[in-house]
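Written below as structure tokens is the structure these notes are about.
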Amino acid sequence: LMQVGDIKDLLGKVELGKEQLQNQMQKSLNNILNEQHPQSHLFPAATAAHQDKENHYHDAWVRDLSMIGLGLFDPLILEIYPKGEKMGDKIRSSGTRLIKGMLDLFGQEPWLSSFDQEVNEGNDPYGRSHRYLTKQPPPVHFKVDSTSCVWPTQNQPDSWGEFLMATGRAIKQEAIIPDLKQSKVLDKIVEYLMRIGLDRDFKYSSMWEWGEVYRPASLSTLALCATGLEEISEHLPDKTKEAAKTEAKKLRTVIENLYPNEYTVPNGHESKTDMATLVAFSVGALKGYSFIDYSDLADQELGNKEHPGKKRYK
């Protein structure tokens with residue numbers, strides 16, 4: 001959770017720590033890069049040694065792919081492995097192929113129709129209004145070769161927020177310059193996130209996929225989507241740029257009212273905190289919010305001592 005400047009400062013003081021961290025980075029990078037598919041340029045959810053086919057760990061997920069992209073284009077990683085050196089060029093090449101591969105995939109069906117769909121509004125069994133999709137959601141889970149894979153909870157907006165974050169970082173690092181077709185795909189994803197109305201009780205699955213939430217919304221989903229819109233907005237046409245920034249501000253207002261409370265399932269959530277918030281923190285989606293406010297409450301509720309493994313649900 002440390003910022004790049006903090007890590008660099010720490011490494012400057014502890015040479016042994018720097019060597020250990022670089023060795024771990026090298027090991028992790030090798031493990032990741034060796035798993036990239038030669039045609040689709042996607043990555044499986046787990047390395048070959050840790051794949052669990054029953055749980056689809058050998059498949060690809062937008063959230064995991066985006067996190068890999070964020071890691072490959074992390075400023076600290078690129079500083080340690082500079083351009084022109086073998087490992088540095090390998091990292092940049094892998095990250096570029098990943099983002100381009102994802103953009104090209106999402107420019108096909110069923111993504112295009114899914115991003116373009118309308119959103120309806122209705123009442124749930126308790127009479128509460130909510131918004132919902134009229135067609136199948138854009139898939140966030142598919143085979144690592146990019147072919148389709150049936151999954152019951154494809155409607156996960158946080159994945160698209162993370163994808164926009166990774167793509168925005170890649171563009172900022174000048175690793176990719178989206179062509180016309182890829183730019184249109186980015187526009188469609190942005191317009192989709194603005195259309196569904198995450199600040200207006202839109203029904204979706206959180207990153208844990210245990211039922212659909214909408215009232216209250218999932219804090220981590222809102223944070224990741226807001227950050228994705230903010231980071232990609234600088235690379236959009238002026239009209240879309242302003243609309244994306246406005247939507248992000250709306251989400252930030254909801255986040256401000258929720259934080260640090262997080263509910264990722266509709267029923268049975270005993271605590272006010274959730275590990276999903278930690279995921280959002282780890283990629284910078286809650287920058288500016290007090291981590292102490294979260295950790296103090298989480299330490300009491302998630303049970304570090306009396307409930308090993310974290311007690312969150314009944």
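Every chain in the structure tokens has a letter given in the order shown (A, B, ...), and although residue numbers restart at 1 in each chain, ligands are simply numbered from 1 in the order shown.
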
What residues in segment 59-151 of chain A get the DSSP label strand (DSSP E)? Please answer as number ranges by chain. A: 60-61, 119-123, 129-133, 141-142

I want to know what sits within 9 Å of Arg200 of chain A, based on only C-alpha atoms, with residues of the same chain fewer than 3 positions away left out; could you give that as number ranges by chain? A: 130-131, 196-197, 214

Could those residues be written to a file, using N, CA and C atoms, as a compact mmCIF listing (two decimals), in the first residue's frame?
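File written: out33.txt
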```
# COMPACT_ATOMS: atom_id res chain seq x y z
N HIS A 130 -34.52 0.28 -8.53
CA HIS A 130 -33.15 -0.02 -8.88
C HIS A 130 -33.03 -0.06 -10.41
N ARG A 131 -31.82 0.03 -10.90
CA ARG A 131 -31.55 -0.03 -12.33
C ARG A 131 -30.94 -1.39 -12.66
N ILE A 196 -24.95 3.13 -16.93
CA ILE A 196 -25.59 2.20 -15.99
C ILE A 196 -26.01 2.88 -14.69
N GLY A 197 -25.34 3.95 -14.30
CA GLY A 197 -25.78 4.68 -13.11
C GLY A 197 -25.43 4.01 -11.80
N TYR A 214 -26.88 -3.38 -4.66
CA TYR A 214 -27.21 -2.07 -5.24
C TYR A 214 -27.61 -1.06 -4.17
```

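You will find atom CA of Thr273 of chain A at 5.6 Å from atom CA of Ala298 of chain A.
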
Determine, counting only C-alpha atoms, which protein, DNA and RNA residues have an atom within 10 Å of an atom of Gln39 of chain A; residues of the same chain fewer than 6 positions away are not included. Present the result as a VMD selection string. chain A and resid 97 101 144 to 146

Generate the output file for the selected residues, all heavy atoms, as a compact mmCIF listing (two decimals), in the first residue's frame.
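Writing done, so here's out-v9.txt:
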```
# COMPACT_ATOMS: atom_id res chain seq x y z
N ARG A 97 1.33 -5.64 -25.39
CA ARG A 97 0.56 -6.69 -26.06
C ARG A 97 -0.70 -7.05 -25.28
O ARG A 97 -1.75 -7.34 -25.87
CB ARG A 97 1.44 -7.91 -26.29
CG ARG A 97 2.48 -7.71 -27.39
CD ARG A 97 3.32 -8.94 -27.66
NE ARG A 97 4.35 -9.12 -26.65
CZ ARG A 97 4.44 -10.17 -25.84
NH1 ARG A 97 3.53 -11.13 -25.91
NH2 ARG A 97 5.40 -10.26 -24.95
N GLY A 101 -4.27 -6.47 -26.79
CA GLY A 101 -5.05 -7.68 -26.96
C GLY A 101 -6.43 -7.56 -26.34
O GLY A 101 -7.43 -8.01 -26.91
N VAL A 144 -8.42 -18.27 -21.67
CA VAL A 144 -7.18 -17.52 -21.85
C VAL A 144 -6.83 -17.35 -23.32
O VAL A 144 -6.08 -16.45 -23.69
CB VAL A 144 -6.02 -18.19 -21.07
CG1 VAL A 144 -5.56 -19.47 -21.79
CG2 VAL A 144 -4.87 -17.22 -20.87
N ASP A 145 -7.42 -18.19 -24.20
CA ASP A 145 -7.20 -18.01 -25.64
C ASP A 145 -8.22 -17.03 -26.23
O ASP A 145 -8.29 -16.86 -27.43
CB ASP A 145 -7.24 -19.34 -26.38
CG ASP A 145 -8.61 -20.02 -26.31
OD1 ASP A 145 -9.54 -19.45 -25.68
OD2 ASP A 145 -8.75 -21.13 -26.85
N SER A 146 -9.04 -16.41 -25.37
CA SER A 146 -10.04 -15.38 -25.68
C SER A 146 -11.38 -15.95 -26.14
O SER A 146 -12.30 -15.18 -26.43
CB SER A 146 -9.53 -14.37 -26.71
OG SER A 146 -9.57 -14.89 -28.04
```

Name all residues at most 12 Å from segment 87-90 of chain A (count only C-alpha atoms; drop same-chain ones fewer than 6 positions away) and give them as a PyMOL selection string. chain A and resi 25-27+29-30+32-34+36+72-81+96-97+175

Write the residues you've just listed into a file as a PDB file, in the first residue's frame, and include N, CA, C and O atoms for each of them.
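Produced file result27.pdb, reproduced below:
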```
ATOM      1  N   MET A  25      10.850  -9.156  -7.005  1.00  0.00           N
ATOM      2  CA  MET A  25      10.258  -8.588  -8.222  1.00  0.00           C
ATOM      3  C   MET A  25      10.645  -9.409  -9.439  1.00  0.00           C
ATOM      4  O   MET A  25       9.805  -9.723 -10.295  1.00  0.00           O
ATOM      5  N   GLN A  26      11.940  -9.747  -9.531  1.00  0.00           N
ATOM      6  CA  GLN A  26      12.433 -10.516 -10.668  1.00  0.00           C
ATOM      7  C   GLN A  26      11.732 -11.862 -10.758  1.00  0.00           C
ATOM      8  O   GLN A  26      11.298 -12.293 -11.832  1.00  0.00           O
ATOM      9  N   LYS A  27      11.602 -12.531  -9.603  1.00  0.00           N
ATOM     10  CA  LYS A  27      10.937 -13.833  -9.559  1.00  0.00           C
ATOM     11  C   LYS A  27       9.472 -13.709  -9.971  1.00  0.00           C
ATOM     12  O   LYS A  27       8.969 -14.505 -10.780  1.00  0.00           O
ATOM     13  N   LEU A  29       7.998 -11.288 -11.719  1.00  0.00           N
ATOM     14  CA  LEU A  29       7.882 -10.895 -13.124  1.00  0.00           C
ATOM     15  C   LEU A  29       8.108 -12.082 -14.056  1.00  0.00           C
ATOM     16  O   LEU A  29       7.379 -12.260 -15.041  1.00  0.00           O
ATOM     17  N   ASN A  30       9.110 -12.901 -13.751  1.00  0.00           N
ATOM     18  CA  ASN A  30       9.367 -14.084 -14.579  1.00  0.00           C
ATOM     19  C   ASN A  30       8.174 -15.027 -14.561  1.00  0.00           C
ATOM     20  O   ASN A  30       7.781 -15.577 -15.592  1.00  0.00           O
ATOM     21  N   ILE A  32       5.064 -14.278 -14.037  1.00  0.00           N
ATOM     22  CA  ILE A  32       3.948 -13.677 -14.776  1.00  0.00           C
ATOM     23  C   ILE A  32       4.191 -13.738 -16.283  1.00  0.00           C
ATOM     24  O   ILE A  32       3.357 -14.233 -17.047  1.00  0.00           O
ATOM     25  N   LEU A  33       5.330 -13.244 -16.711  1.00  0.00           N
ATOM     26  CA  LEU A  33       5.596 -13.116 -18.149  1.00  0.00           C
ATOM     27  C   LEU A  33       5.607 -14.460 -18.857  1.00  0.00           C
ATOM     28  O   LEU A  33       5.229 -14.553 -20.034  1.00  0.00           O
ATOM     29  N   ASN A  34       6.007 -15.495 -18.167  1.00  0.00           N
ATOM     30  CA  ASN A  34       6.054 -16.830 -18.776  1.00  0.00           C
ATOM     31  C   ASN A  34       4.670 -17.406 -19.042  1.00  0.00           C
ATOM     32  O   ASN A  34       4.540 -18.396 -19.769  1.00  0.00           O
ATOM     33  N   GLN A  36       2.028 -15.650 -20.365  1.00  0.00           N
ATOM     34  CA  GLN A  36       1.270 -14.909 -21.373  1.00  0.00           C
ATOM     35  C   GLN A  36       0.986 -15.774 -22.598  1.00  0.00           C
ATOM     36  O   GLN A  36       1.882 -16.415 -23.149  1.00  0.00           O
ATOM     37  N   LEU A  72       2.666  -4.160 -14.589  1.00  0.00           N
ATOM     38  CA  LEU A  72       3.694  -4.066 -15.630  1.00  0.00           C
ATOM     39  C   LEU A  72       4.018  -2.618 -15.986  1.00  0.00           C
ATOM     40  O   LEU A  72       5.133  -2.321 -16.416  1.00  0.00           O
ATOM     41  N   PHE A  73       3.050  -1.731 -15.804  1.00  0.00           N
ATOM     42  CA  PHE A  73       3.280  -0.321 -16.112  1.00  0.00           C
ATOM     43  C   PHE A  73       3.431   0.532 -14.849  1.00  0.00           C
ATOM     44  O   PHE A  73       3.323   1.753 -14.903  1.00  0.00           O
ATOM     45  N   ASP A  74       3.703  -0.125 -13.715  1.00  0.00           N
ATOM     46  CA  ASP A  74       3.931   0.612 -12.488  1.00  0.00           C
ATOM     47  C   ASP A  74       5.206   1.446 -12.625  1.00  0.00           C
ATOM     48  O   ASP A  74       6.240   0.936 -13.076  1.00  0.00           O
ATOM     49  N   PRO A  75       5.178   2.724 -12.269  1.00  0.00           N
ATOM     50  CA  PRO A  75       6.365   3.583 -12.414  1.00  0.00           C
ATOM     51  C   PRO A  75       7.610   3.043 -11.726  1.00  0.00           C
ATOM     52  O   PRO A  75       8.726   3.195 -12.232  1.00  0.00           O
ATOM     53  N   LEU A  76       7.425   2.406 -10.548  1.00  0.00           N
ATOM     54  CA  LEU A  76       8.575   1.856  -9.832  1.00  0.00           C
ATOM     55  C   LEU A  76       9.197   0.700 -10.614  1.00  0.00           C
ATOM     56  O   LEU A  76      10.425   0.615 -10.740  1.00  0.00           O
ATOM     57  N   ILE A  77       8.355  -0.184 -11.143  1.00  0.00           N
ATOM     58  CA  ILE A  77       8.853  -1.312 -11.935  1.00  0.00           C
ATOM     59  C   ILE A  77       9.619  -0.807 -13.153  1.00  0.00           C
ATOM     60  O   ILE A  77      10.717  -1.285 -13.471  1.00  0.00           O
ATOM     61  N   LEU A  78       9.063   0.188 -13.836  1.00  0.00           N
ATOM     62  CA  LEU A  78       9.705   0.704 -15.040  1.00  0.00           C
ATOM     63  C   LEU A  78      10.984   1.475 -14.725  1.00  0.00           C
ATOM     64  O   LEU A  78      11.870   1.584 -15.578  1.00  0.00           O
ATOM     65  N   GLU A  79      11.077   2.020 -13.512  1.00  0.00           N
ATOM     66  CA  GLU A  79      12.307   2.702 -13.121  1.00  0.00           C
ATOM     67  C   GLU A  79      13.398   1.689 -12.795  1.00  0.00           C
ATOM     68  O   GLU A  79      14.563   1.881 -13.153  1.00  0.00           O
ATOM     69  N   ILE A  80      13.031   0.621 -12.125  1.00  0.00           N
ATOM     70  CA  ILE A  80      14.003  -0.409 -11.776  1.00  0.00           C
ATOM     71  C   ILE A  80      14.479  -1.148 -13.029  1.00  0.00           C
ATOM     72  O   ILE A  80      15.646  -1.533 -13.142  1.00  0.00           O
ATOM     73  N   TYR A  81      13.543  -1.346 -13.979  1.00  0.00           N
ATOM     74  CA  TYR A  81      13.872  -2.026 -15.234  1.00  0.00           C
ATOM     75  C   TYR A  81      13.693  -1.040 -16.386  1.00  0.00           C
ATOM     76  O   TYR A  81      12.642  -0.992 -17.030  1.00  0.00           O
ATOM     77  N   THR A  96       2.254  -3.983 -23.294  1.00  0.00           N
ATOM     78  CA  THR A  96       1.654  -3.398 -24.499  1.00  0.00           C
ATOM     79  C   THR A  96       0.795  -4.419 -25.228  1.00  0.00           C
ATOM     80  O   THR A  96      -0.339  -4.131 -25.637  1.00  0.00           O
ATOM     81  N   ARG A  97       1.329  -5.641 -25.385  1.00  0.00           N
ATOM     82  CA  ARG A  97       0.559  -6.686 -26.062  1.00  0.00           C
ATOM     83  C   ARG A  97      -0.696  -7.051 -25.283  1.00  0.00           C
ATOM     84  O   ARG A  97      -1.746  -7.342 -25.867  1.00  0.00           O
ATOM     85  N   ALA A 175       3.229   3.556 -23.860  1.00  0.00           N
ATOM     86  CA  ALA A 175       3.386   2.172 -24.296  1.00  0.00           C
ATOM     87  C   ALA A 175       2.446   1.854 -25.447  1.00  0.00           C
ATOM     88  O   ALA A 175       2.752   0.992 -26.289  1.00  0.00           O
TER      89      ALA A 175
END
```

Residue contacts of Tyr263 of chain A (12 Å, only C-alpha atoms) excluding same-chain residues fewer than 4 positions away, as a PyMOL selection string: chain A and resi 205-222+258-259+267-277+312-313

Would you save the residues from that selection as a compact mmCIF listing (two decimals), in the first residue's frame, using N, CA and C atoms?
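Output file again_31.txt is given in full below:
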```txt
# COMPACT_ATOMS: atom_id res chain seq x y z
N SER A 205 -22.89 -7.53 -9.55
CA SER A 205 -22.12 -8.38 -8.64
C SER A 205 -20.84 -7.65 -8.26
N SER A 206 -20.50 -7.68 -6.98
CA SER A 206 -19.24 -7.10 -6.53
C SER A 206 -18.11 -8.04 -6.92
N MET A 207 -16.88 -7.70 -6.57
CA MET A 207 -15.74 -8.53 -6.96
C MET A 207 -15.77 -9.91 -6.32
N TRP A 208 -16.52 -10.09 -5.23
CA TRP A 208 -16.58 -11.42 -4.61
C TRP A 208 -17.68 -12.27 -5.22
N GLU A 209 -18.57 -11.68 -5.99
CA GLU A 209 -19.57 -12.42 -6.80
C GLU A 209 -20.60 -13.18 -5.99
N TRP A 210 -20.88 -12.77 -4.77
CA TRP A 210 -21.82 -13.50 -3.94
C TRP A 210 -23.16 -12.76 -3.87
N GLY A 211 -23.90 -12.77 -4.94
CA GLY A 211 -25.18 -12.09 -4.98
C GLY A 211 -25.06 -10.69 -5.52
N GLU A 212 -26.19 -10.12 -5.93
CA GLU A 212 -26.19 -8.79 -6.54
C GLU A 212 -26.46 -7.70 -5.51
N VAL A 213 -25.68 -6.65 -5.55
CA VAL A 213 -25.82 -5.54 -4.61
C VAL A 213 -26.24 -4.29 -5.38
N TYR A 214 -26.88 -3.38 -4.66
CA TYR A 214 -27.21 -2.07 -5.24
C TYR A 214 -27.61 -1.06 -4.17
N ARG A 215 -28.06 -1.53 -3.02
CA ARG A 215 -28.43 -0.60 -1.96
C ARG A 215 -28.11 -1.20 -0.60
N PRO A 216 -26.95 -0.82 -0.02
CA PRO A 216 -26.00 0.17 -0.54
C PRO A 216 -25.10 -0.42 -1.62
N ALA A 217 -24.45 0.46 -2.36
CA ALA A 217 -23.52 0.03 -3.39
C ALA A 217 -22.23 -0.48 -2.75
N SER A 218 -21.45 -1.21 -3.52
CA SER A 218 -20.16 -1.69 -3.05
C SER A 218 -19.14 -0.57 -3.15
N LEU A 219 -18.53 -0.21 -2.03
CA LEU A 219 -17.56 0.88 -1.99
C LEU A 219 -16.41 0.66 -2.97
N SER A 220 -15.87 -0.55 -2.99
CA SER A 220 -14.72 -0.84 -3.85
C SER A 220 -15.09 -0.70 -5.33
N THR A 221 -16.28 -1.15 -5.71
CA THR A 221 -16.71 -1.03 -7.10
C THR A 221 -16.80 0.44 -7.50
N LEU A 222 -17.40 1.25 -6.65
CA LEU A 222 -17.52 2.68 -6.95
C LEU A 222 -16.14 3.32 -7.08
N LEU A 258 -20.18 6.69 2.03
CA LEU A 258 -20.06 5.29 2.44
C LEU A 258 -18.82 5.00 3.28
N TYR A 259 -17.72 5.59 2.93
CA TYR A 259 -16.43 5.21 3.49
C TYR A 259 -16.38 5.31 5.02
N ASN A 267 -26.91 -10.03 1.56
CA ASN A 267 -27.39 -10.52 2.86
C ASN A 267 -26.27 -11.19 3.64
N GLY A 268 -26.38 -11.17 4.96
CA GLY A 268 -25.47 -11.92 5.81
C GLY A 268 -24.15 -11.27 6.11
N HIS A 269 -23.97 -10.02 5.74
CA HIS A 269 -22.71 -9.33 5.98
C HIS A 269 -22.74 -8.73 7.39
N GLU A 270 -22.01 -9.35 8.31
CA GLU A 270 -22.08 -8.92 9.70
C GLU A 270 -21.30 -7.65 9.98
N SER A 271 -20.18 -7.46 9.29
CA SER A 271 -19.31 -6.32 9.59
C SER A 271 -19.58 -5.15 8.67
N LYS A 272 -19.02 -4.01 9.00
CA LYS A 272 -19.12 -2.82 8.15
C LYS A 272 -17.92 -2.67 7.23
N THR A 273 -16.95 -3.58 7.37
CA THR A 273 -15.74 -3.51 6.56
C THR A 273 -15.58 -4.78 5.74
N ASP A 274 -14.73 -4.71 4.71
CA ASP A 274 -14.60 -5.82 3.78
C ASP A 274 -13.20 -5.80 3.17
N MET A 275 -12.68 -6.98 2.82
CA MET A 275 -11.36 -7.06 2.21
C MET A 275 -11.34 -6.42 0.82
N ALA A 276 -12.50 -6.25 0.18
CA ALA A 276 -12.55 -5.62 -1.13
C ALA A 276 -12.05 -4.18 -1.06
N THR A 277 -12.28 -3.52 0.07
CA THR A 277 -11.77 -2.16 0.26
C THR A 277 -10.25 -2.14 0.18
N ARG A 312 -16.32 -12.46 8.53
CA ARG A 312 -17.07 -11.39 7.88
C ARG A 312 -18.56 -11.69 7.78
N TYR A 313 -18.88 -12.97 7.64
CA TYR A 313 -20.27 -13.33 7.38
C TYR A 313 -20.77 -14.34 8.40
```

If you count only C-alpha atoms, which residues fall within 9 Å of Pro139 of chain A, apart from same-chain ones fewer than 6 positions away, as a ChimeraX atom specification? /A:61-62,110-111,114,148-151,153-156

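Among A:Leu198, A:Leu70, A:Ala49, A:Val119, the residue with the shortest atom-to-atom distance to Lys172 of chain A, counting only C-alpha atoms, is A:Leu70.
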
Using only C-alpha atoms, which residue out of A:Asp179, A:Glu35, A:Asp116, A:Asp64 lies closest to Leu103 of chain A? A:Asp179

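Among the candidates A:Phe202, A:Phe106, A:Phe115, A:Phe142, the residue lying nearest to Tyr57 of chain A is A:Phe142 (atoms considered: only C-alpha atoms).
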
Identify, on the basis of only C-alpha atoms, every residue whose closest approach to segment 235-251 of chain A does not exceed 10 Å; exclude the query and any residue fewer than 2 positions from it along the same chain; express the result as JSON, numbers by chain. {"A": [167, 168, 171, 172, 177, 178, 183, 184, 186, 187, 190, 191, 193, 194, 195, 197, 198, 199, 200, 219, 221, 222, 223, 224, 225, 226, 227, 228, 229, 230, 231, 232, 233, 253, 254, 255, 256]}

Determine which residues of segment 105-278 of chain A receive a DSSP assignment of helix (DSSP H, G or I), computed from the backbone, and state them as a PyMOL selection string. chain A and resi 105-106+111-116+157-172+180-196+219-233+238-258+275-278

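Residue nearest Ser282 of chain A, chosen from A:Pro260, A:Gly161, A:Pro152, A:Gly71 and counting only C-alpha atoms: A:Gly71.
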
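Between Gly284 of chain A and the candidates A:Met67, A:Lys86, A:Lys100, A:Tyr192, the tightest atom-to-atom separation, counting only C-alpha atoms, involves A:Met67.
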
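Coordinates place atom CA of Ser93 of chain A at a distance of 21.6 Å from atom CA of Val283 of chain A.
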
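Distances to Lys143 of chain A were evaluated for A:Ala280, A:His58, A:Gln51, A:Tyr289 using only C-alpha atoms, and the minimum falls at A:His58.
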
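Put simply, atom CA of Asn31 of chain A is 12.2 Å away from atom CA of Ala45 of chain A.
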